[in-house]
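Structure data (PDB, C-alpha atoms) from run-v2.pdb:
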ATOM      1  CA  MET L   1    -169.173  27.582  36.684  1.00  0.00           C
ATOM      2  CA  ARG L   2    -168.995  25.547  33.462  1.00  0.00           C
ATOM      3  CA  GLU L   3    -170.084  28.547  31.428  1.00  0.00           C
ATOM      4  CA  LEU L   4    -166.859  30.385  32.324  1.00  0.00           C
ATOM      5  CA  SER L   5    -164.474  27.454  31.789  1.00  0.00           C
ATOM      6  CA  TRP L   6    -163.436  28.866  28.384  1.00  0.00           C
ATOM      7  CA  LEU L   7    -162.261  32.015  30.163  1.00  0.00           C
ATOM      8  CA  VAL L   8    -159.234  30.358  31.833  1.00  0.00           C
ATOM      9  CA  PRO L   9    -157.268  29.580  28.618  1.00  0.00           C
ATOM     10  CA  VAL L  10    -158.192  32.978  27.183  1.00  0.00           C
ATOM     11  CA  LEU L  11    -156.879  34.724  30.286  1.00  0.00           C
ATOM     12  CA  ILE L  12    -153.665  32.678  30.239  1.00  0.00           C
ATOM     13  CA  VAL L  13    -152.984  33.496  26.586  1.00  0.00           C
ATOM     14  CA  SER L  14    -153.843  37.165  27.179  1.00  0.00           C
ATOM     15  CA  ALA L  15    -151.503  37.364  30.176  1.00  0.00           C
ATOM     16  CA  ILE L  16    -148.641  35.833  28.175  1.00  0.00           C
ATOM     17  CA  MET L  17    -149.205  38.226  25.276  1.00  0.00           C
ATOM     18  CA  ALA L  18    -149.391  41.240  27.613  1.00  0.00           C
ATOM     19  CA  SER L  19    -146.196  40.140  29.361  1.00  0.00           C
ATOM     20  CA  LYS L  20    -144.329  39.796  26.059  1.00  0.00           C
ATOM     21  CA  ALA L  21    -145.588  43.205  24.881  1.00  0.00           C
ATOM     22  CA  PHE L  22    -144.454  44.805  28.148  1.00  0.00           C
ATOM     23  CA  GLN L  23    -141.011  43.167  27.912  1.00  0.00           C
ATOM     24  CA  THR L  24    -140.623  44.397  24.340  1.00  0.00           C
ATOM     25  CA  TRP L  25    -141.639  47.914  25.329  1.00  0.00           C
ATOM     26  CA  VAL L  26    -139.135  48.007  28.209  1.00  0.00           C
ATOM     27  CA  ARG L  27    -136.322  46.665  26.000  1.00  0.00           C
ATOM     28  CA  ALA L  28    -137.085  49.223  23.288  1.00  0.00           C
ATOM     29  CA  LYS L  29    -137.307  52.075  25.788  1.00  0.00           C
ATOM     30  CA  HIS L  30    -133.889  51.318  27.274  1.00  0.00           C
ATOM     31  CA  GLY L  31    -132.168  50.576  23.961  1.00  0.00           C
ATOM     32  CA  TYR L  32    -131.579  46.862  24.424  1.00  0.00           C
ATOM     33  CA  PRO L  33    -131.208  44.792  21.257  1.00  0.00           C
ATOM     34  CA  MET L  34    -134.447  43.447  19.878  1.00  0.00           C
ATOM     35  CA  GLU L  35    -134.973  40.110  18.156  1.00  0.00           C
ATOM     36  CA  ASP L  36    -137.158  39.633  15.140  1.00  0.00           C
ATOM     37  CA  ARG L  37    -139.033  36.425  14.370  1.00  0.00           C
ATOM     38  CA  ARG L  38    -135.950  34.937  12.725  1.00  0.00           C
ATOM     39  CA  GLY L  39    -133.802  35.528  15.807  1.00  0.00           C
ATOM     40  CA  ARG L  40    -131.751  38.375  14.346  1.00  0.00           C
ATOM     41  CA  HIS L  41    -130.812  41.207  16.704  1.00  0.00           C
ATOM     42  CA  SER L  42    -131.583  44.815  15.936  1.00  0.00           C
ATOM     43  CA  HIS L  43    -131.644  48.002  18.006  1.00  0.00           C
ATOM     44  CA  ALA L  44    -134.745  50.096  18.382  1.00  0.00           C
ATOM     45  CA  GLY L  45    -132.866  53.331  17.639  1.00  0.00           C
ATOM     46  CA  GLY L  46    -130.461  51.972  15.043  1.00  0.00           C
ATOM     47  CA  ASP L  47    -126.946  50.615  15.382  1.00  0.00           C
ATOM     48  CA  LEU L  48    -125.211  53.955  14.828  1.00  0.00           C
ATOM     49  CA  GLU L  49    -127.074  55.649  17.621  1.00  0.00           C
ATOM     50  CA  ALA L  50    -126.513  52.695  19.956  1.00  0.00           C
ATOM     51  CA  GLU L  51    -122.771  52.705  19.239  1.00  0.00           C
ATOM     52  CA  ARG L  52    -122.660  56.453  19.916  1.00  0.00           C
ATOM     53  CA  LYS L  53    -124.418  55.961  23.250  1.00  0.00           C
ATOM     54  CA  ILE L  54    -122.039  53.150  24.172  1.00  0.00           C
ATOM     55  CA  ALA L  55    -119.015  55.314  23.339  1.00  0.00           C
ATOM     56  CA  LEU L  56    -120.362  58.232  25.386  1.00  0.00           C
ATOM     57  CA  LEU L  57    -121.152  55.992  28.344  1.00  0.00           C
ATOM     58  CA  SER L  58    -117.716  54.342  28.152  1.00  0.00           C
ATOM     59  CA  SER L  59    -115.911  57.686  28.213  1.00  0.00           C
ATOM     60  CA  GLU L  60    -118.078  58.921  31.072  1.00  0.00           C
ATOM     61  CA  ASN L  61    -117.412  55.675  32.937  1.00  0.00           C
ATOM     62  CA  GLU L  62    -113.637  56.132  32.547  1.00  0.00           C
ATOM     63  CA  ARG L  63    -113.860  59.744  33.746  1.00  0.00           C
ATOM     64  CA  LEU L  64    -115.928  58.786  36.785  1.00  0.00           C
ATOM     65  CA  THR L  65    -113.638  55.860  37.617  1.00  0.00           C
ATOM     66  CA  GLY L  66    -110.644  58.219  37.646  1.00  0.00           C
ATOM     67  CA  GLN L  67    -112.507  60.702  39.787  1.00  0.00           C
ATOM     68  CA  ILE L  68    -113.470  57.988  42.278  1.00  0.00           C
ATOM     69  CA  SER L  69    -109.870  56.785  42.594  1.00  0.00           C
ATOM     70  CA  ARG L  70    -108.672  60.356  43.259  1.00  0.00           C
ATOM     71  CA  LEU L  71    -111.352  60.826  45.899  1.00  0.00           C
ATOM     72  CA  GLU L  72    -110.437  57.513  47.535  1.00  0.00           C
ATOM     73  CA  GLU L  73    -106.819  58.679  47.801  1.00  0.00           C
ATOM     74  CA  ARG L  74    -107.912  61.950  49.390  1.00  0.00           C
ATOM     75  CA  ILE L  75    -110.162  60.128  51.859  1.00  0.00           C
ATOM     76  CA  ALA L  76    -107.287  57.826  52.821  1.00  0.00           C
ATOM     77  CA  VAL L  77    -105.088  60.851  53.566  1.00  0.00           C
ATOM     78  CA  LEU L  78    -107.830  62.478  55.624  1.00  0.00           C
ATOM     79  CA  GLU L  79    -108.415  59.250  57.565  1.00  0.00           C
ATOM     80  CA  ARG L  80    -104.703  58.961  58.285  1.00  0.00           C
ATOM     81  CA  ILE L  81    -104.594  62.568  59.518  1.00  0.00           C
ATOM     82  CA  ALA L  82    -107.680  62.079  61.686  1.00  0.00           C
ATOM     83  CA  THR L  83    -106.452  58.865  63.307  1.00  0.00           C
ATOM     84  CA  ASP L  84    -102.763  59.672  63.784  1.00  0.00           C
ATOM     85  CA  PRO L  85    -101.612  61.322  67.014  1.00  0.00           C
ATOM     86  CA  ALA L  86    -101.321  65.107  66.799  1.00  0.00           C
ATOM     87  CA  GLU L  87     -97.597  65.178  67.664  1.00  0.00           C
ATOM     88  CA  ARG L  88     -96.727  62.835  64.798  1.00  0.00           C
ATOM     89  CA  VAL L  89     -98.674  64.961  62.321  1.00  0.00           C
ATOM     90  CA  ALA L  90     -96.936  68.084  63.641  1.00  0.00           C
ATOM     91  CA  ARG L  91     -93.505  66.425  63.170  1.00  0.00           C
ATOM     92  CA  GLU L  92     -94.356  65.429  59.601  1.00  0.00           C
ATOM     93  CA  ILE L  93     -95.512  68.961  58.808  1.00  0.00           C
ATOM     94  CA  ASP L  94     -92.342  70.413  60.320  1.00  0.00           C
ATOM     95  CA  SER L  95     -90.186  67.964  58.350  1.00  0.00           C
ATOM     96  CA  LEU L  96     -91.843  69.110  55.132  1.00  0.00           C
ATOM     97  CA  ARG L  97     -90.953  72.772  55.796  1.00  0.00           C
TER      98      ARG L  97
END

Can you present the structure in this file as structure tokens?
Amino acid sequence: MRELSWLVPVLIVSAIMASKAFQTWVRAKHGYPMEDRRGRHSHAGGDLEAERKIALLSSENERLTGQISRLEERIAVLERIATDPAERVAREIDSLR
């Protein structure tokens, strides 16, 4: 048992190094800012590419947000039609003609 006592600190240091390498790989893969040894941030793909991705994602987010709000309005109308009595819906349709 004493012969393998040196193995515990080696395994701990190895696990920490492997964890840090995995975290760095995941951050680089997904475009998160990286830190160098001095604490400065940099992007794996460059700042210009990251800004372009952010702009594209922001515009897509705005488009999808608008689409969701339109769909919510349509669902509200459909829910109102489905839950209202048939005679009331018929009167409203006739009043629109």

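Note that CA of Leu64 in chain L and CA of Thr83 in chain L are 28.2 Å apart.
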
May I ask for the distance between CA of Ile93 in chain L and CA of Ile81 in chain L, given in Å to one decimal place? 11.1 Å

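Pairwise distance (CA of Ala50 in chain L, CA of Arg27 in chain L) equals 13.0 Å.
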
From the block you just saw, export range 7-22 of chain L: all heavy atoms, as an mmCIF file, in the first residue's frame.
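out-v9.cif was written with the following content:
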data_model
loop_
_atom_site.group_PDB
_atom_site.id
_atom_site.type_symbol
_atom_site.label_atom_id
_atom_site.label_comp_id
_atom_site.auth_asym_id
_atom_site.auth_seq_id
_atom_site.Cartn_x
_atom_site.Cartn_y
_atom_site.Cartn_z
ATOM 1 N N LEU L 7 1.009 7.838 -5.822
ATOM 2 C CA LEU L 7 0.055 7.878 -6.921
ATOM 3 C C LEU L 7 -1.112 8.839 -6.654
ATOM 4 O O LEU L 7 -1.654 9.438 -7.581
ATOM 5 C CB LEU L 7 -0.470 6.463 -7.195
ATOM 6 C CG LEU L 7 -1.270 6.250 -8.454
ATOM 7 C CD1 LEU L 7 -0.429 6.617 -9.670
ATOM 8 C CD2 LEU L 7 -1.733 4.811 -8.551
ATOM 9 N N VAL L 8 -1.488 9.023 -5.399
ATOM 10 C CA VAL L 8 -2.621 9.883 -5.048
ATOM 11 C C VAL L 8 -2.380 11.340 -5.477
ATOM 12 O O VAL L 8 -3.211 11.924 -6.184
ATOM 13 C CB VAL L 8 -2.956 9.779 -3.544
ATOM 14 C CG1 VAL L 8 -4.001 10.806 -3.148
ATOM 15 C CG2 VAL L 8 -3.419 8.377 -3.197
ATOM 16 N N PRO L 9 -1.268 11.985 -5.109
ATOM 17 C CA PRO L 9 -1.072 13.367 -5.564
ATOM 18 C C PRO L 9 -0.935 13.473 -7.081
ATOM 19 O O PRO L 9 -1.400 14.441 -7.688
ATOM 20 C CB PRO L 9 0.201 13.830 -4.870
ATOM 21 C CG PRO L 9 0.692 12.718 -4.049
ATOM 22 C CD PRO L 9 -0.236 11.578 -4.175
ATOM 23 N N VAL L 10 -0.340 12.468 -7.700
ATOM 24 C CA VAL L 10 -0.201 12.491 -9.161
ATOM 25 C C VAL L 10 -1.575 12.430 -9.817
ATOM 26 O O VAL L 10 -1.866 13.146 -10.781
ATOM 27 C CB VAL L 10 0.711 11.333 -9.640
ATOM 28 C CG1 VAL L 10 0.664 11.191 -11.144
ATOM 29 C CG2 VAL L 10 2.132 11.543 -9.160
ATOM 30 N N LEU L 11 -2.443 11.579 -9.308
ATOM 31 C CA LEU L 11 -3.790 11.472 -9.856
ATOM 32 C C LEU L 11 -4.592 12.756 -9.636
ATOM 33 O O LEU L 11 -5.367 13.169 -10.507
ATOM 34 C CB LEU L 11 -4.520 10.275 -9.250
ATOM 35 C CG LEU L 11 -4.030 8.899 -9.704
ATOM 36 C CD1 LEU L 11 -4.777 7.802 -8.954
ATOM 37 C CD2 LEU L 11 -4.202 8.737 -11.196
ATOM 38 N N ILE L 12 -4.429 13.388 -8.489
ATOM 39 C CA ILE L 12 -5.146 14.631 -8.213
ATOM 40 C C ILE L 12 -4.700 15.722 -9.182
ATOM 41 O O ILE L 12 -5.532 16.408 -9.794
ATOM 42 C CB ILE L 12 -4.945 15.060 -6.747
ATOM 43 C CG1 ILE L 12 -5.677 14.098 -5.814
ATOM 44 C CG2 ILE L 12 -5.431 16.493 -6.535
ATOM 45 C CD1 ILE L 12 -5.394 14.330 -4.352
ATOM 46 N N VAL L 13 -3.387 15.876 -9.350
ATOM 47 C CA VAL L 13 -2.877 16.890 -10.270
ATOM 48 C C VAL L 13 -3.308 16.578 -11.701
ATOM 49 O O VAL L 13 -3.713 17.468 -12.455
ATOM 50 C CB VAL L 13 -1.337 16.999 -10.154
ATOM 51 C CG1 VAL L 13 -0.757 17.857 -11.258
ATOM 52 C CG2 VAL L 13 -0.950 17.543 -8.791
ATOM 53 N N SER L 14 -3.277 15.331 -12.093
ATOM 54 C CA SER L 14 -3.690 14.931 -13.440
ATOM 55 C C SER L 14 -5.164 15.226 -13.670
ATOM 56 O O SER L 14 -5.557 15.686 -14.738
ATOM 57 C CB SER L 14 -3.419 13.444 -13.662
ATOM 58 O OG SER L 14 -2.055 13.179 -13.550
ATOM 59 N N ALA L 15 -5.999 14.941 -12.669
ATOM 60 C CA ALA L 15 -7.435 15.201 -12.803
ATOM 61 C C ALA L 15 -7.706 16.694 -12.938
ATOM 62 O O ALA L 15 -8.554 17.113 -13.745
ATOM 63 C CB ALA L 15 -8.180 14.630 -11.604
ATOM 64 N N ILE L 16 -6.993 17.514 -12.191
ATOM 65 C CA ILE L 16 -7.179 18.969 -12.276
ATOM 66 C C ILE L 16 -6.753 19.473 -13.647
ATOM 67 O O ILE L 16 -7.458 20.279 -14.274
ATOM 68 C CB ILE L 16 -6.401 19.676 -11.150
ATOM 69 C CG1 ILE L 16 -7.052 19.366 -9.800
ATOM 70 C CG2 ILE L 16 -6.341 21.183 -11.392
ATOM 71 C CD1 ILE L 16 -6.257 19.834 -8.603
ATOM 72 N N MET L 17 -5.622 18.986 -14.147
ATOM 73 C CA MET L 17 -5.142 19.414 -15.454
ATOM 74 C C MET L 17 -6.097 18.966 -16.562
ATOM 75 O O MET L 17 -6.392 19.720 -17.496
ATOM 76 C CB MET L 17 -3.739 18.877 -15.703
ATOM 77 C CG MET L 17 -2.692 19.532 -14.819
ATOM 78 S SD MET L 17 -1.065 18.803 -15.001
ATOM 79 C CE MET L 17 -0.705 19.182 -16.696
ATOM 80 N N ALA L 18 -6.618 17.762 -16.477
ATOM 81 C CA ALA L 18 -7.556 17.254 -17.475
ATOM 82 C C ALA L 18 -8.857 18.058 -17.441
ATOM 83 O O ALA L 18 -9.432 18.376 -18.485
ATOM 84 C CB ALA L 18 -7.829 15.773 -17.243
ATOM 85 N N SER L 19 -9.307 18.413 -16.247
ATOM 86 C CA SER L 19 -10.521 19.210 -16.112
ATOM 87 C C SER L 19 -10.345 20.584 -16.744
ATOM 88 O O SER L 19 -11.220 21.070 -17.458
ATOM 89 C CB SER L 19 -10.881 19.346 -14.637
ATOM 90 O OG SER L 19 -11.913 20.279 -14.460
ATOM 91 N N LYS L 20 -9.215 21.223 -16.489
ATOM 92 C CA LYS L 20 -8.946 22.547 -17.057
ATOM 93 C C LYS L 20 -8.852 22.474 -18.582
ATOM 94 O O LYS L 20 -9.370 23.339 -19.289
ATOM 95 C CB LYS L 20 -7.653 23.118 -16.455
ATOM 96 C CG LYS L 20 -7.372 24.518 -16.874
ATOM 97 C CD LYS L 20 -8.400 25.467 -16.334
ATOM 98 C CE LYS L 20 -8.024 26.895 -16.680
ATOM 99 N NZ LYS L 20 -9.061 27.833 -16.359
ATOM 100 N N ALA L 21 -8.190 21.426 -19.098
ATOM 101 C CA ALA L 21 -8.083 21.261 -20.549
ATOM 102 C C ALA L 21 -9.457 21.061 -21.175
ATOM 103 O O ALA L 21 -9.771 21.626 -22.229
ATOM 104 C CB ALA L 21 -7.166 20.085 -20.871
ATOM 105 N N PHE L 22 -10.311 20.273 -20.521
ATOM 106 C CA PHE L 22 -11.663 20.048 -21.037
ATOM 107 C C PHE L 22 -12.474 21.341 -21.024
ATOM 108 O O PHE L 22 -13.182 21.653 -21.984
ATOM 109 C CB PHE L 22 -12.366 18.962 -20.209
ATOM 110 C CG PHE L 22 -13.756 18.668 -20.678
ATOM 111 C CD1 PHE L 22 -13.962 17.966 -21.852
ATOM 112 C CD2 PHE L 22 -14.856 19.103 -19.949
ATOM 113 C CE1 PHE L 22 -15.255 17.705 -22.295
ATOM 114 C CE2 PHE L 22 -16.132 18.837 -20.375
ATOM 115 C CZ PHE L 22 -16.337 18.134 -21.563
#
